[in-house]
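S.K.: Just final.cif, nothing more (mmCIF, C-alpha atoms):
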```
data_coords
loop_
_atom_site.group_PDB
_atom_site.id
_atom_site.type_symbol
_atom_site.label_atom_id
_atom_site.label_comp_id
_atom_site.auth_asym_id
_atom_site.auth_seq_id
_atom_site.Cartn_x
_atom_site.Cartn_y
_atom_site.Cartn_z
ATOM 1 C CA MET A 7 158.438 68.368 127.321
ATOM 2 C CA MET A 8 159.541 71.983 127.415
ATOM 3 C CA LYS A 9 159.864 72.005 123.608
ATOM 4 C CA LYS A 10 156.273 70.744 123.246
ATOM 5 C CA ILE A 11 154.988 73.480 125.565
ATOM 6 C CA ILE A 12 156.908 76.147 123.655
ATOM 7 C CA SER A 13 155.552 74.784 120.349
ATOM 8 C CA LEU A 14 151.959 74.828 121.670
ATOM 9 C CA LEU A 15 152.323 78.419 122.938
ATOM 10 C CA ALA A 16 153.837 79.541 119.667
ATOM 11 C CA GLY A 17 151.027 77.930 117.699
ATOM 12 C CA ALA A 18 148.396 79.556 119.918
ATOM 13 C CA ALA A 19 150.076 82.958 119.514
ATOM 14 C CA ILE A 20 150.159 82.609 115.727
ATOM 15 C CA SER A 21 146.500 81.502 115.629
ATOM 16 C CA LEU A 22 145.451 84.426 117.842
ATOM 17 C CA GLY A 23 147.425 86.834 115.670
ATOM 18 C CA LEU A 24 145.759 85.543 112.514
ATOM 19 C CA THR A 25 142.312 85.840 114.156
ATOM 20 C CA VAL A 26 142.938 89.435 115.248
ATOM 21 C CA THR A 27 144.290 90.321 111.805
ATOM 22 C CA ALA A 28 141.214 88.846 110.120
ATOM 23 C CA ALA A 29 138.881 90.695 112.497
ATOM 24 C CA GLU A 30 140.715 93.954 111.909
ATOM 25 C CA SER A 31 140.505 93.335 108.154
ATOM 26 C CA GLU A 32 136.711 92.866 108.380
ATOM 27 C CA ASP A 33 136.364 95.992 110.507
ATOM 28 C CA THR A 34 138.305 98.092 108.011
ATOM 29 C CA VAL A 35 136.193 97.088 104.983
ATOM 30 C CA ALA A 36 134.438 100.234 103.801
ATOM 31 C CA ILE A 37 130.648 100.190 103.702
ATOM 32 C CA GLU A 38 128.825 102.110 100.974
ATOM 33 C CA ARG A 39 125.139 102.962 101.335
ATOM 34 C CA PRO A 40 123.689 103.609 97.875
ATOM 35 C CA VAL A 41 120.637 105.847 97.591
ATOM 36 C CA VAL A 42 117.471 104.428 96.052
ATOM 37 C CA SER A 43 115.410 107.195 94.444
ATOM 38 C CA ALA A 44 112.199 106.926 92.436
ATOM 39 C CA TYR A 45 110.114 109.400 90.445
ATOM 40 C CA THR A 46 106.613 108.247 89.567
ATOM 41 C CA LEU A 47 103.464 109.481 87.867
ATOM 42 C CA GLU A 48 100.082 108.378 89.187
ATOM 43 C CA ALA A 49 96.732 108.510 87.413
ATOM 44 C CA GLY A 50 93.354 107.281 88.548
ATOM 45 C CA THR A 51 90.169 108.379 90.288
ATOM 46 C CA ALA A 52 89.283 110.290 93.464
ATOM 47 C CA HIS A 53 86.034 110.045 95.421
ATOM 48 C CA ILE A 54 85.461 112.943 97.840
ATOM 49 C CA ALA A 55 82.740 113.767 100.359
ATOM 50 C CA GLN A 56 83.302 117.027 102.250
ATOM 51 C CA THR A 57 80.244 118.224 104.194
ATOM 52 C CA TYR A 58 81.673 121.700 104.832
ATOM 53 C CA LEU A 59 81.361 122.357 101.092
ATOM 54 C CA SER A 60 78.574 120.025 99.983
ATOM 55 C CA PRO A 61 76.380 117.140 101.215
ATOM 56 C CA LEU A 62 76.997 115.302 97.924
ATOM 57 C CA ARG A 63 79.852 113.007 96.961
ATOM 58 C CA TYR A 64 82.154 114.066 94.131
ATOM 59 C CA SER A 65 84.080 111.699 91.864
ATOM 60 C CA GLY A 66 86.473 112.236 88.993
ATOM 61 C CA PRO A 67 89.969 111.821 87.559
ATOM 62 C CA MET A 68 93.120 112.635 89.474
ATOM 63 C CA ILE A 69 96.861 112.699 88.846
ATOM 64 C CA ALA A 70 99.849 112.825 91.190
ATOM 65 C CA LEU A 71 103.610 113.197 91.082
ATOM 66 C CA SER A 72 105.548 111.251 93.718
ATOM 67 C CA TYR A 73 109.150 111.054 94.883
ATOM 68 C CA GLU A 74 110.756 108.475 97.169
ATOM 69 C CA ARG A 75 114.281 108.226 98.573
ATOM 70 C CA MET A 76 115.592 105.324 100.660
ATOM 71 C CA GLN A 77 119.006 104.734 102.197
ATOM 72 C CA ALA A 78 120.496 102.448 104.842
ATOM 73 C CA MET A 79 121.308 104.312 108.043
ATOM 74 C CA ARG A 80 124.962 105.016 108.822
ATOM 75 C CA PHE A 81 124.846 103.796 112.443
ATOM 76 C CA ASP A 82 123.510 100.296 111.569
ATOM 77 C CA PRO A 83 123.086 99.885 107.801
ATOM 78 C CA GLU A 84 122.211 96.189 107.977
ATOM 79 C CA ARG A 85 119.153 96.742 110.154
ATOM 80 C CA TRP A 86 117.907 100.326 109.795
ATOM 81 C CA VAL A 87 116.635 102.138 106.703
ATOM 82 C CA MET A 88 115.563 105.754 106.174
ATOM 83 C CA ARG A 89 112.701 106.674 103.844
ATOM 84 C CA LEU A 90 111.839 110.155 102.541
ATOM 85 C CA SER A 91 108.725 110.743 100.426
ATOM 86 C CA GLY A 92 106.851 113.561 98.731
ATOM 87 C CA ARG A 93 103.600 113.635 96.756
ATOM 88 C CA LEU A 94 101.769 116.402 94.885
ATOM 89 C CA ASP A 95 98.267 115.483 93.719
ATOM 90 C CA GLY A 96 95.337 117.142 92.024
ATOM 91 C CA ALA A 97 91.810 116.087 91.110
ATOM 92 C CA ARG A 98 88.838 117.443 89.183
ATOM 93 C CA THR A 99 85.672 115.818 90.474
ATOM 94 C CA ARG A 100 81.982 116.327 89.727
ATOM 95 C CA ASN A 101 79.012 115.719 91.976
ATOM 96 C CA ASN A 102 76.716 112.738 91.696
ATOM 97 C CA PRO A 103 73.963 112.270 90.518
ATOM 98 C CA ALA A 104 73.308 115.809 89.256
ATOM 99 C CA ARG A 105 76.846 116.368 87.935
ATOM 100 C CA ASN A 106 76.225 120.107 87.656
ATOM 101 C CA ALA A 107 79.088 121.232 89.933
ATOM 102 C CA THR A 108 82.833 120.698 90.078
ATOM 103 C CA MET A 109 85.130 120.283 93.065
ATOM 104 C CA TRP A 110 88.853 120.850 92.606
ATOM 105 C CA ASP A 111 91.335 119.196 94.957
ATOM 106 C CA LEU A 112 95.027 120.039 95.376
ATOM 107 C CA GLY A 113 97.289 118.512 98.007
ATOM 108 C CA LEU A 114 100.934 118.157 99.034
ATOM 109 C CA ASN A 115 102.346 115.567 101.445
ATOM 110 C CA LEU A 116 105.929 115.303 102.753
ATOM 111 C CA GLY A 117 107.063 112.466 105.002
ATOM 112 C CA TRP A 118 110.159 111.024 106.671
ATOM 113 C CA GLY A 119 110.469 107.700 108.443
ATOM 114 C CA MET A 120 112.895 105.080 109.727
ATOM 115 C CA MET A 121 112.289 101.321 109.676
ATOM 116 C CA ARG A 122 113.931 98.226 111.113
ATOM 117 C CA ARG A 123 114.730 95.549 108.524
ATOM 118 C CA TRP A 124 114.694 91.750 108.829
ATOM 119 C CA ASN A 125 116.057 89.661 105.941
ATOM 120 C CA ILE A 126 114.493 86.188 105.684
ATOM 121 C CA GLY A 127 115.600 84.378 102.543
ATOM 122 C CA PRO A 128 114.144 86.178 99.500
ATOM 123 C CA TRP A 129 111.974 88.289 101.819
ATOM 124 C CA SER A 130 112.794 91.566 103.555
ATOM 125 C CA LEU A 131 110.393 92.795 106.228
ATOM 126 C CA TYR A 132 110.403 96.407 107.432
ATOM 127 C CA GLY A 133 108.654 98.073 110.354
ATOM 128 C CA GLY A 134 108.978 101.445 112.070
ATOM 129 C CA GLY A 135 107.609 104.942 112.458
ATOM 130 C CA TYR A 136 107.260 108.070 110.373
ATOM 131 C CA THR A 137 106.135 111.671 110.544
ATOM 132 C CA SER A 138 104.484 113.736 107.830
ATOM 133 C CA VAL A 139 103.139 117.200 107.110
ATOM 134 C CA GLU A 140 100.443 117.866 104.552
ATOM 135 C CA GLY A 141 98.433 120.730 103.203
ATOM 136 C CA GLY A 142 96.008 121.496 100.435
ATOM 137 C CA VAL A 143 92.700 122.958 99.421
ATOM 138 C CA LEU A 144 89.288 121.883 98.137
ATOM 139 C CA TYR A 145 87.453 124.387 95.937
ATOM 140 C CA VAL A 146 83.869 124.477 94.630
ATOM 141 C CA PRO A 147 83.447 127.467 92.257
ATOM 142 C CA ARG A 148 79.634 127.532 92.458
ATOM 143 C CA ASN A 149 79.555 128.026 96.252
ATOM 144 C CA SER A 150 79.077 131.666 97.235
ATOM 145 C CA ASN A 151 79.710 131.811 100.999
ATOM 146 C CA ASN A 152 81.966 128.768 101.506
ATOM 147 C CA PRO A 153 83.768 127.963 98.247
ATOM 148 C CA VAL A 154 87.019 126.742 99.859
ATOM 149 C CA ALA A 155 88.034 124.185 102.477
ATOM 150 C CA ALA A 156 91.686 124.193 103.551
ATOM 151 C CA LYS A 157 93.556 121.024 104.551
ATOM 152 C CA ALA A 158 96.539 120.972 106.918
ATOM 153 C CA ALA A 159 97.911 118.333 109.296
ATOM 154 C CA TRP A 160 101.023 117.123 111.065
ATOM 155 C CA THR A 161 100.995 113.488 112.162
ATOM 156 C CA VAL A 162 103.214 110.670 113.410
ATOM 157 C CA GLY A 163 102.414 107.052 112.770
ATOM 158 C CA VAL A 164 103.575 103.574 111.837
ATOM 159 C CA GLU A 165 104.681 102.174 108.519
ATOM 160 C CA ALA A 166 105.481 98.631 107.440
ATOM 161 C CA SER A 167 106.687 96.982 104.272
ATOM 162 C CA ALA A 168 107.154 93.507 102.833
ATOM 163 C CA VAL A 169 109.619 93.035 99.960
ATOM 164 C CA TYR A 170 110.118 89.914 97.854
ATOM 165 C CA HIS A 171 113.180 89.484 95.605
ATOM 166 C CA THR A 172 112.922 87.282 92.515
ATOM 167 C CA SER A 173 113.539 87.419 88.760
ATOM 168 C CA LEU A 174 111.423 87.720 85.621
ATOM 169 C CA TRP A 175 112.697 86.912 82.114
ATOM 170 C CA GLY A 176 116.256 87.121 83.388
ATOM 171 C CA LYS A 177 115.700 90.529 85.016
ATOM 172 C CA ASN A 178 115.815 91.231 88.743
ATOM 173 C CA LEU A 179 112.308 91.814 90.063
ATOM 174 C CA THR A 180 111.470 93.404 93.423
ATOM 175 C CA LEU A 181 107.871 93.198 94.651
ATOM 176 C CA ARG A 182 106.901 95.457 97.549
ATOM 177 C CA TYR A 183 103.899 96.324 99.670
ATOM 178 C CA LEU A 184 104.079 99.493 101.784
ATOM 179 C CA GLY A 185 101.462 100.591 104.299
ATOM 180 C CA GLU A 186 101.234 103.776 106.391
ATOM 181 C CA MET A 187 98.837 104.763 109.170
ATOM 182 C CA PRO A 188 98.954 107.922 111.357
ATOM 183 C CA LEU A 189 98.374 107.472 115.081
ATOM 184 C CA ALA A 190 98.643 110.971 116.571
ATOM 185 C CA GLY A 191 99.092 114.591 115.622
ATOM 186 C CA VAL A 192 97.120 117.765 114.950
ATOM 187 C CA PHE A 193 94.997 118.963 112.043
ATOM 188 C CA PHE A 194 93.124 122.087 110.970
ATOM 189 C CA SER A 195 89.341 122.351 110.885
ATOM 190 C CA PRO A 196 86.916 125.302 111.203
ATOM 191 C CA GLU A 197 83.507 125.045 112.833
ATOM 192 C CA TYR A 198 80.622 123.832 110.671
ATOM 193 C CA GLY A 199 79.308 126.877 108.806
ATOM 194 C CA GLU A 200 82.167 129.115 109.985
ATOM 195 C CA LEU A 201 83.342 131.398 107.189
ATOM 196 C CA TYR A 202 87.025 131.781 106.421
ATOM 197 C CA TYR A 203 86.390 135.519 106.499
ATOM 198 C CA GLU A 204 85.536 135.122 110.208
ATOM 199 C CA ILE A 205 88.869 133.378 110.724
ATOM 200 C CA TYR A 206 90.569 136.242 108.887
ATOM 201 C CA LEU A 207 88.884 138.708 111.284
ATOM 202 C CA GLY A 208 90.410 136.892 114.266
ATOM 203 C CA ASN A 209 88.130 134.011 115.248
ATOM 204 C CA HIS A 210 90.857 131.392 115.765
ATOM 205 C CA LYS A 211 89.232 129.366 118.550
ATOM 206 C CA GLY A 212 89.190 125.599 118.047
ATOM 207 C CA LEU A 213 90.856 125.608 114.642
ATOM 208 C CA VAL A 214 93.565 123.089 115.646
ATOM 209 C CA ARG A 215 92.326 119.671 116.678
ATOM 210 C CA GLY A 216 94.187 116.707 118.124
ATOM 211 C CA ALA A 217 94.394 113.800 115.673
ATOM 212 C CA TRP A 218 93.969 110.127 116.501
ATOM 213 C CA PRO A 219 92.473 107.195 114.527
ATOM 214 C CA GLY A 220 89.027 107.970 115.934
ATOM 215 C CA ASN A 221 88.779 111.367 114.202
ATOM 216 C CA PHE A 222 91.677 111.255 111.715
ATOM 217 C CA PHE A 223 91.892 107.881 110.023
ATOM 218 C CA ARG A 224 94.113 107.127 107.048
ATOM 219 C CA VAL A 225 95.574 104.018 105.447
ATOM 220 C CA ASN A 226 97.938 104.573 102.545
ATOM 221 C CA ASN A 227 98.566 101.346 100.620
ATOM 222 C CA LEU A 228 101.198 101.098 97.890
ATOM 223 C CA LEU A 229 102.017 97.989 95.850
ATOM 224 C CA THR A 230 104.952 98.184 93.411
ATOM 225 C CA ALA A 231 106.969 95.964 91.097
ATOM 226 C CA ASP A 232 110.500 97.156 90.263
ATOM 227 C CA ILE A 233 112.059 95.618 87.146
ATOM 228 C CA ALA A 234 115.782 96.186 86.636
ATOM 229 C CA LEU A 235 116.560 97.238 83.051
ATOM 230 C CA GLY A 236 120.293 97.799 83.175
ATOM 231 C CA ARG A 237 121.040 100.807 85.368
ATOM 232 C CA THR A 238 117.454 102.020 85.101
ATOM 233 C CA ILE A 239 114.645 100.427 87.077
ATOM 234 C CA LEU A 240 111.062 100.465 85.794
ATOM 235 C CA ARG A 241 108.503 100.881 88.578
ATOM 236 C CA LEU A 242 104.890 99.784 88.081
ATOM 237 C CA GLY A 243 102.295 99.754 90.818
ATOM 238 C CA TYR A 244 98.960 100.581 92.386
ATOM 239 C CA ARG A 245 98.027 102.931 95.239
ATOM 240 C CA CYS A 246 94.890 102.963 97.369
ATOM 241 C CA ASN A 247 94.739 105.919 99.750
ATOM 242 C CA ILE A 248 91.831 105.983 102.205
ATOM 243 C CA MET A 249 91.234 108.986 104.464
ATOM 244 C CA SER A 250 88.431 109.929 106.838
ATOM 245 C CA THR A 251 88.175 112.828 109.308
ATOM 246 C CA LYS A 252 85.309 113.947 111.521
ATOM 247 C CA THR A 253 85.278 116.979 113.804
ATOM 248 C CA HIS A 254 83.083 120.054 114.451
ATOM 249 C CA ASP A 255 80.215 118.167 112.708
ATOM 250 C CA ILE A 256 82.265 118.216 109.482
ATOM 251 C CA VAL A 257 82.872 114.888 107.777
ATOM 252 C CA ASN A 258 85.593 114.461 105.178
ATOM 253 C CA ARG A 259 85.948 111.201 103.259
ATOM 254 C CA GLN A 260 88.425 110.691 100.447
ATOM 255 C CA ILE A 261 89.341 107.512 98.571
ATOM 256 C CA GLU A 262 91.923 107.413 95.785
ATOM 257 C CA HIS A 263 92.733 104.611 93.355
ATOM 258 C CA THR A 264 95.734 105.251 91.099
ATOM 259 C CA ALA A 265 98.002 103.334 88.755
ATOM 260 C CA VAL A 266 101.699 104.043 89.272
ATOM 261 C CA ILE A 267 104.437 104.194 86.642
ATOM 262 C CA GLY A 268 107.914 105.671 86.883
ATOM 263 C CA VAL A 269 111.639 105.102 87.060
ATOM 264 C CA ALA A 270 113.938 104.312 89.965
ATOM 265 C CA SER A 271 117.696 104.241 90.286
ATOM 266 C CA GLU A 272 120.395 103.363 92.794
ATOM 267 C CA TRP A 273 123.392 105.662 93.114
ATOM 268 C CA LEU A 274 126.185 106.644 95.491
ATOM 269 C CA SER A 275 126.291 110.020 97.203
ATOM 270 C CA LEU A 276 129.999 110.903 97.399
ATOM 271 C CA SER A 277 131.877 114.089 98.219
ATOM 272 C CA PRO A 278 134.135 115.424 95.420
ATOM 273 C CA SER A 279 137.231 114.598 97.491
ATOM 274 C CA ARG A 280 136.345 110.896 97.961
ATOM 275 C CA ARG A 281 136.359 108.156 95.375
ATOM 276 C CA PRO A 282 134.408 104.900 95.681
ATOM 277 C CA ASP A 283 136.336 102.014 97.240
ATOM 278 C CA ALA A 284 136.646 99.077 94.839
ATOM 279 C CA HIS A 285 136.684 96.658 97.808
ATOM 280 C CA ALA A 286 133.761 98.278 99.654
ATOM 281 C CA ARG A 287 130.679 96.400 100.783
ATOM 282 C CA TYR A 288 127.427 97.771 99.351
ATOM 283 C CA ILE A 289 124.268 97.644 101.461
ATOM 284 C CA SER A 290 121.103 98.575 99.567
ATOM 285 C CA ALA A 291 118.043 99.921 101.343
ATOM 286 C CA LEU A 292 115.668 98.058 99.022
ATOM 287 C CA TYR A 293 117.373 95.894 96.398
#
```
Just give me the structure as structure tokens.
M.R.:
Amino acid sequence: MMKKIISLLAGAAISLGLTVTAAESEDTVAIERPVVSAYTLEAGTAHIAQTYLSPLRYSGPMIALSYERMQAMRFDPERWVMRLSGRLDGARTRNNPARNATMWDLGLNLGWGMMRRWNIGPWSLYGGGYTSVEGGVLYVPRNSNNPVAAKAAWTVGVEASAVYHTSLWGKNLTLRYLGEMPLAGVFFSPEYGELYYEIYLGNHKGLVRGAWPGNFFRVNNLLTADIALGRTILRLGYRCNIMSTKTHDIVNRQIEHTAVIGVASEWLSLSPSRRPDAHARYISALY
């Protein structure tokens, strides 16, 4: 009887030791978080109505350069992903129906966000928040008193994404929809008819307005298809950016439709003193 008890205890001790060893082995597996970066060119049309400059709507071609960086977060790489974005855009639009004046548009947007990820079969769903700063200018050369309207805003909002992983002609294919919408913040706007020279002289009252969807509405929609071609990834897509602001009796409406083409890549960010671990586990932010 005593021998059986000793045998059972010994077996339990060995089993527990093997379990602890396996757990420790899993805990010591290095985790690498590759960076997904993409550079894209956008081309399409812009439709602008800005009542500070003109009562007419302007439409014309536009181009944009965009950058995106995604990486799994260090504290919980399976569930949380960071996204950094930047976009520089420009447009040359003409008024309608007369088409005897030109409005130039230049803008820059920088954003950072963090999203929670849920993996469901071939699908990955993301949801979280972001913050962005933007600035730019609208310019109508023919205007004498008010030829320029400045754009500036800082906002926080929500962003969500749906990603589907499949293959096409033997190549990995990643389809993604990304949507962004600001919920709060501040933005710049002068009074209707107020000259920028008056602002220069010191009339700064009421220039900064609180932003919420009632007076600062935007929905940025991006649909992309990433096709893996070896180490390089071809990105094709479409963007629809809708923006509307209304304050101080000034209405600003802007709708953009652009085709997207560019390249993406996935790479490791390592210090010179550290080499990649051959047995590491790789957790991608997107692929």
S.K.: One number please: atom CA of Ser250 of chain A to atom CA of Asn226 of chain A, in Å, one decimal.
M.R.: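 Between these atoms lies a distance of 11.7 Å.
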S.K.: Near Ser275 of chain A, within 12 Å and counting all atoms listed in the file, which residues show up once chain neighbours fewer than 6 positions away are dropped, as a PyMOL selection string?
M.R.: chain A and resi 38-43+77+281-282
S.K.: If the PyMOL selection byres ((chain A and resi 68-75) around 8) is run on the structure shown, which residues does it catch, given as an MDAnalysis selection string?
M.R.: chainID A and resid 41:52 66:67 76:77 89:98 264
S.K.: Please indicate the distance in Å from atom CA of Ala234 of chain A to atom CA of Trp273 of chain A, rounded to one decimal place.
M.R.: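 Separating atom CA of Ala234 of chain A from atom CA of Trp273 of chain A is a distance of 13.8 Å.
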S.K.: I'd like the residues picked by the PyMOL selection byres ((chain A and resi 212-220) around 10) written out as an MDAnalysis selection string, using the chain letters and numbers from the file.
M.R.: chainID A and resid 158:163 187:197 205 209:211 221:224 250:254
S.K.: By how many Å are atom CA of Met120 of chain A and atom CA of Ile261 of chain A apart?
M.R.: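 Rounded to one decimal, the two atoms are 26.2 Å apart.
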S.K.: Let me know the centre plus edge lengths, in Å and rounded to one decimal, of a box with edges along x, y and z that contains all listed atoms of segment 229-233 of chain A and is padded by 4 Å on every side, as lines of an AutoDock Vina configuration file.
M.R.:
```
center_x = 107.0
center_y = 96.9
center_z = 91.5
size_x = 18.0
size_y = 10.6
size_z = 16.7
```
S.K.: Pick out the residues sitting within 9 Å of Thr108 of chain A, and hand them over as a PyMOL selection string; count only C-alpha atoms, and ignore anything fewer than 2 positions along from it in its own chain.
M.R.: chain A and resi 64+98-101+105-106+110+145-148
S.K.: Excluding segment 127-135 of chain A and its own-chain neighbours fewer than 2 positions away, which residues fall within 7 Å of it when counting all atoms listed in the file? Please give them as a compact mmCIF listing (two decimals) with C-alpha atoms, keeping the file's coordinate frame.
M.R.:
```
# COMPACT_ATOMS: atom_id res chain seq x y z
CA GLY A 119 110.47 107.70 108.44
CA MET A 120 112.90 105.08 109.73
CA MET A 121 112.29 101.32 109.68
CA ARG A 122 113.93 98.23 111.11
CA ARG A 123 114.73 95.55 108.52
CA TRP A 124 114.69 91.75 108.83
CA ASN A 125 116.06 89.66 105.94
CA GLY A 163 102.41 107.05 112.77
CA VAL A 164 103.58 103.57 111.84
CA GLU A 165 104.68 102.17 108.52
CA ALA A 166 105.48 98.63 107.44
CA SER A 167 106.69 96.98 104.27
CA ALA A 168 107.15 93.51 102.83
CA VAL A 169 109.62 93.04 99.96
CA TYR A 170 110.12 89.91 97.85
CA HIS A 171 113.18 89.48 95.60
```
S.K.: Taking the file above as input, evaluate the PyMOL selection byres ((chain A and resi 151) around 10) and report the hits as number ranges by chain.
M.R.: A: 59, 148-150, 152-154, 199-203
S.K.: Using only C-alpha atoms, which residue out of A:Val269, A:Val257, A:Leu240, A:Leu181 lies closest to Arg63 of chain A?
M.R.: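 Looking at the shortest contact to Arg63 of chain A, the residue is A:Val257.
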S.K.: Let me make sure I understand: among A:Asn258, A:Ser173, A:Thr34, A:Ser290, which one has the smallest atom-to-atom distance to Leu235 of chain A if we use all atoms listed in the file?
M.R.: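 So, comparing all the options, the nearest one is A:Ser173.
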S.K.: Could you pull out every residue with an atom within 10 Å of (109.7, 96.4, 84.6), file coordinates, counting all atoms listed in the file, and send them as a list of chain:residue names?
M.R.: A:Leu174, A:Lys177, A:Asn178, A:Leu179, A:Thr180, A:Ala231, A:Asp232, A:Ile233, A:Ala234, A:Leu235, A:Thr238, A:Ile239, A:Leu240, A:Arg241, A:Leu242, A:Ile267, A:Gly268, A:Val269
S.K.: Write out the residues from the selection above, keeping C-alpha atoms, as a tab-separated table (two decimals), in the frame of the given file.
M.R.:
```
chain	number	residue	atom	x	y	z
A	174	LEU	CA	111.42	87.72	85.62
A	177	LYS	CA	115.70	90.53	85.02
A	178	ASN	CA	115.82	91.23	88.74
A	179	LEU	CA	112.31	91.81	90.06
A	180	THR	CA	111.47	93.40	93.42
A	231	ALA	CA	106.97	95.96	91.10
A	232	ASP	CA	110.50	97.16	90.26
A	233	ILE	CA	112.06	95.62	87.15
A	234	ALA	CA	115.78	96.19	86.64
A	235	LEU	CA	116.56	97.24	83.05
A	238	THR	CA	117.45	102.02	85.10
A	239	ILE	CA	114.64	100.43	87.08
A	240	LEU	CA	111.06	100.46	85.79
A	241	ARG	CA	108.50	100.88	88.58
A	242	LEU	CA	104.89	99.78	88.08
A	267	ILE	CA	104.44	104.19	86.64
A	268	GLY	CA	107.91	105.67	86.88
A	269	VAL	CA	111.64	105.10	87.06
```
S.K.: For Met249 of chain A, which residue out of A:Ile54, A:Ala36, A:Gly142, A:Ala265 is the nearest one, using all atoms listed in the file?
M.R.: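 Ranked by minimum distance to Met249 of chain A, first place goes to A:Ile54.
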S.K.: Would you mind telling me which residue in A:Ile289, A:Ile37, A:Leu228, A:Ala55 lies nearest to Ile256 of chain A when using all atoms listed in the file?
M.R.: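 Under the stated criterion, the closest residue is A:Ala55.
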